[in-house]
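Encoded as structure tokens, the structure appears first; notes follow it.
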Amino acid sequence: MLSLIHKALIAHTESINNMQLKPTKPTLITFVKAGSETHQLRAENQMQPHLLSYANDWKLLVDLPDSNYVFPPEIYSTNERPDIIIWSPKLKTVILLELTCPAEEGIQAAKIRKQSKYMPLLDNISRDSTWKPLLLTMEVGVRGFVASSTRQVFLKLGLQRQVAAELCKKISIAAAKCSYTIYLASNSKLWDRKRPILDEF
């Protein structure tokens, strides 16, 4: 699942970095006469501001096997390893993403645990550096339920609604298939750690 999210965010941040920056303030105000009709753009055609809107130098790291992952020392020196880090040297903003896969009935508790775990890191970054940290948590149940907070994270990062929906569908299927594979192997005495649980999507 983390790999699926990583692929989507890599493509997204590359797209953002290749786009013209949004102005920090509106540059045009359109006045409409009283009583006249206005034509609203469809929601899918509007470019709503999001967390990545105001920079084009976003970098991304993910804590996957063989990724040689180290928390960026220019932000803060720590041994903590959030699942995904997205940061902009221009904005001095760092976004920490944490993915948790608990039982469905434990989703809210898992979210609270992750927030508590990384709160000291957020406080230390804010206190000891000029960087602005933000933690976003994603929860996917082991039976495939994708918490609404997970979809909201994708939207906050600027993924289009259709793309976010497709990504949620993929990680839901991945979670359910992984759990089923583990269940089928529950009586096995041997487990090949190098063998992937799922084939690539």
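Identifiers in the structure tokens: chain A, B, ... in order shown; residue index from 1 per chain; ligand index from 1 in order shown.
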With the cut-off set at 8 Å and counting only C-alpha atoms, tabulate each residue of range 69-141 of chain A with an atom at most that distance from an atom of range 47-58 of chain A, showing the nearest atom pair and its distance in Å to one decimal, ordered by chain and increasing number, as JSON lines.
```
{"residue": "A:Ile86", "atom": "CA", "partner": "A:Trp58", "partner_atom": "CA", "distance": 6.5}
{"residue": "A:Trp87", "atom": "CA", "partner": "A:Trp58", "partner_atom": "CA", "distance": 5.5}
{"residue": "A:Ser88", "atom": "CA", "partner": "A:Trp58", "partner_atom": "CA", "distance": 4.7}
{"residue": "A:Pro89", "atom": "CA", "partner": "A:Asp57", "partner_atom": "CA", "distance": 7.1}
{"residue": "A:Lys90", "atom": "CA", "partner": "A:Ala55", "partner_atom": "CA", "distance": 6.8}
{"residue": "A:Leu91", "atom": "CA", "partner": "A:Ala55", "partner_atom": "CA", "distance": 6.7}
```
Which polymer residues have any atom within 10 Å of an atom of Leu60 in chain A, counting only C-alpha atoms, with same-chain residues fewer than 5 positions away left out, as JSON, numbers by chain? {"A": [6, 9, 10, 13, 14, 84, 85, 86, 87, 88, 94, 95]}
Those same residues, written as a PDB file, in the first residue's frame with N, CA and C atoms?
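That gives us result.pdb:
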```
ATOM      1  N   HIS A   6       3.171   5.950  -2.717  1.00  0.00           N
ATOM      2  CA  HIS A   6       4.424   6.574  -3.131  1.00  0.00           C
ATOM      3  C   HIS A   6       4.415   6.873  -4.623  1.00  0.00           C
ATOM      4  N   LEU A   9       2.131   9.814  -5.383  1.00  0.00           N
ATOM      5  CA  LEU A   9       2.640  11.106  -4.914  1.00  0.00           C
ATOM      6  C   LEU A   9       3.886  11.541  -5.678  1.00  0.00           C
ATOM      7  N   ILE A  10       4.700  10.594  -6.117  1.00  0.00           N
ATOM      8  CA  ILE A  10       5.857  10.943  -6.950  1.00  0.00           C
ATOM      9  C   ILE A  10       5.384  11.625  -8.231  1.00  0.00           C
ATOM     10  N   THR A  13       3.839  15.156  -7.259  1.00  0.00           N
ATOM     11  CA  THR A  13       4.798  16.217  -6.922  1.00  0.00           C
ATOM     12  C   THR A  13       5.603  16.645  -8.150  1.00  0.00           C
ATOM     13  N   GLU A  14       5.923  15.709  -9.035  1.00  0.00           N
ATOM     14  CA  GLU A  14       6.614  16.077 -10.265  1.00  0.00           C
ATOM     15  C   GLU A  14       5.748  17.002 -11.110  1.00  0.00           C
ATOM     16  N   ILE A  84       6.306   8.727   4.923  1.00  0.00           N
ATOM     17  CA  ILE A  84       6.582   9.589   3.767  1.00  0.00           C
ATOM     18  C   ILE A  84       6.871  11.001   4.284  1.00  0.00           C
ATOM     19  N   ILE A  85       7.861  11.641   3.679  1.00  0.00           N
ATOM     20  CA  ILE A  85       8.156  13.040   3.972  1.00  0.00           C
ATOM     21  C   ILE A  85       8.093  13.824   2.672  1.00  0.00           C
ATOM     22  N   ILE A  86       7.373  14.936   2.681  1.00  0.00           N
ATOM     23  CA  ILE A  86       7.337  15.859   1.543  1.00  0.00           C
ATOM     24  C   ILE A  86       7.745  17.221   2.071  1.00  0.00           C
ATOM     25  N   TRP A  87       8.758  17.841   1.457  1.00  0.00           N
ATOM     26  CA  TRP A  87       9.213  19.128   1.981  1.00  0.00           C
ATOM     27  C   TRP A  87       9.630  20.091   0.870  1.00  0.00           C
ATOM     28  N   SER A  88       9.497  21.371   1.200  1.00  0.00           N
ATOM     29  CA  SER A  88       9.856  22.449   0.283  1.00  0.00           C
ATOM     30  C   SER A  88      10.869  23.366   0.955  1.00  0.00           C
ATOM     31  N   VAL A  94       7.463  21.177   5.906  1.00  0.00           N
ATOM     32  CA  VAL A  94       7.669  19.738   5.814  1.00  0.00           C
ATOM     33  C   VAL A  94       6.384  19.031   6.238  1.00  0.00           C
ATOM     34  N   ILE A  95       5.945  18.106   5.396  1.00  0.00           N
ATOM     35  CA  ILE A  95       4.717  17.350   5.646  1.00  0.00           C
ATOM     36  C   ILE A  95       5.088  15.898   5.925  1.00  0.00           C
TER      37      ILE A  95
END
```
Could you jot down the CA of Lys170 in chain A to CA of Tyr69 in chain A separation for me, Å, one decimal place?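 Separation between CA of Lys170 in chain A and CA of Tyr69 in chain A: 24.9 Å.
The shortest atom-to-atom distance to Val146 in chain A, with only C-alpha atoms taken into account, belongs to A:Ala165 out of A:Ile75, A:Leu134, A:Ala165, A:Ile16.
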Rounded to one decimal place, report the CA of Glu80 in chain A-CA of Tyr118 in chain A distance in Å.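 Atom-to-atom, CA of Glu80 in chain A to CA of Tyr118 in chain A, that is 8.5 Å.
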From range 65-159 of chain A, collect each residue whose DSSP state is strand (DSSP E) and return the set as a list of chain:residue names.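 Matching residues for strand (DSSP E) in range 65-159 of chain A are A:Ile84, A:Ile85, A:Ile86, A:Trp87, A:Ser88, A:Thr93, A:Val94, A:Ile95, A:Leu96, A:Leu97, A:Glu98, A:Leu99, A:Thr100, A:Lys132, A:Pro133, A:Leu134, A:Leu135, A:Leu136, A:Thr137, A:Met138, A:Glu139.
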Just to be explicit: take each residue in the selection above, keep C-alpha atoms, and write the result as a compact mmCIF listing (two decimals), in the first residue's frame.
```
# COMPACT_ATOMS: atom_id res chain seq x y z
CA ILE A 84 6.58 9.59 3.77
CA ILE A 85 8.16 13.04 3.97
CA ILE A 86 7.34 15.86 1.54
CA TRP A 87 9.21 19.13 1.98
CA SER A 88 9.86 22.45 0.28
CA THR A 93 7.44 23.46 5.07
CA VAL A 94 7.67 19.74 5.81
CA ILE A 95 4.72 17.35 5.65
CA LEU A 96 4.93 14.02 7.46
CA LEU A 97 2.63 11.24 6.27
CA GLU A 98 1.96 8.13 8.36
CA LEU A 99 0.09 5.07 7.07
CA THR A 100 -1.44 2.65 9.60
CA LYS A 132 6.88 24.51 9.66
CA PRO A 133 5.92 20.85 10.23
CA LEU A 134 2.58 19.18 9.55
CA LEU A 135 1.52 15.60 10.30
CA LEU A 136 -1.14 13.86 8.21
CA THR A 137 -2.23 10.33 9.10
CA MET A 138 -3.77 7.74 6.78
CA GLU A 139 -5.66 4.71 8.05
```
In terms of the shortest atom-to-atom distance over only C-alpha atoms, which of A:Lys7, A:Glu166, A:Ser77, A:Lys156 is closest to Leu121 in chain A? A:Ser77
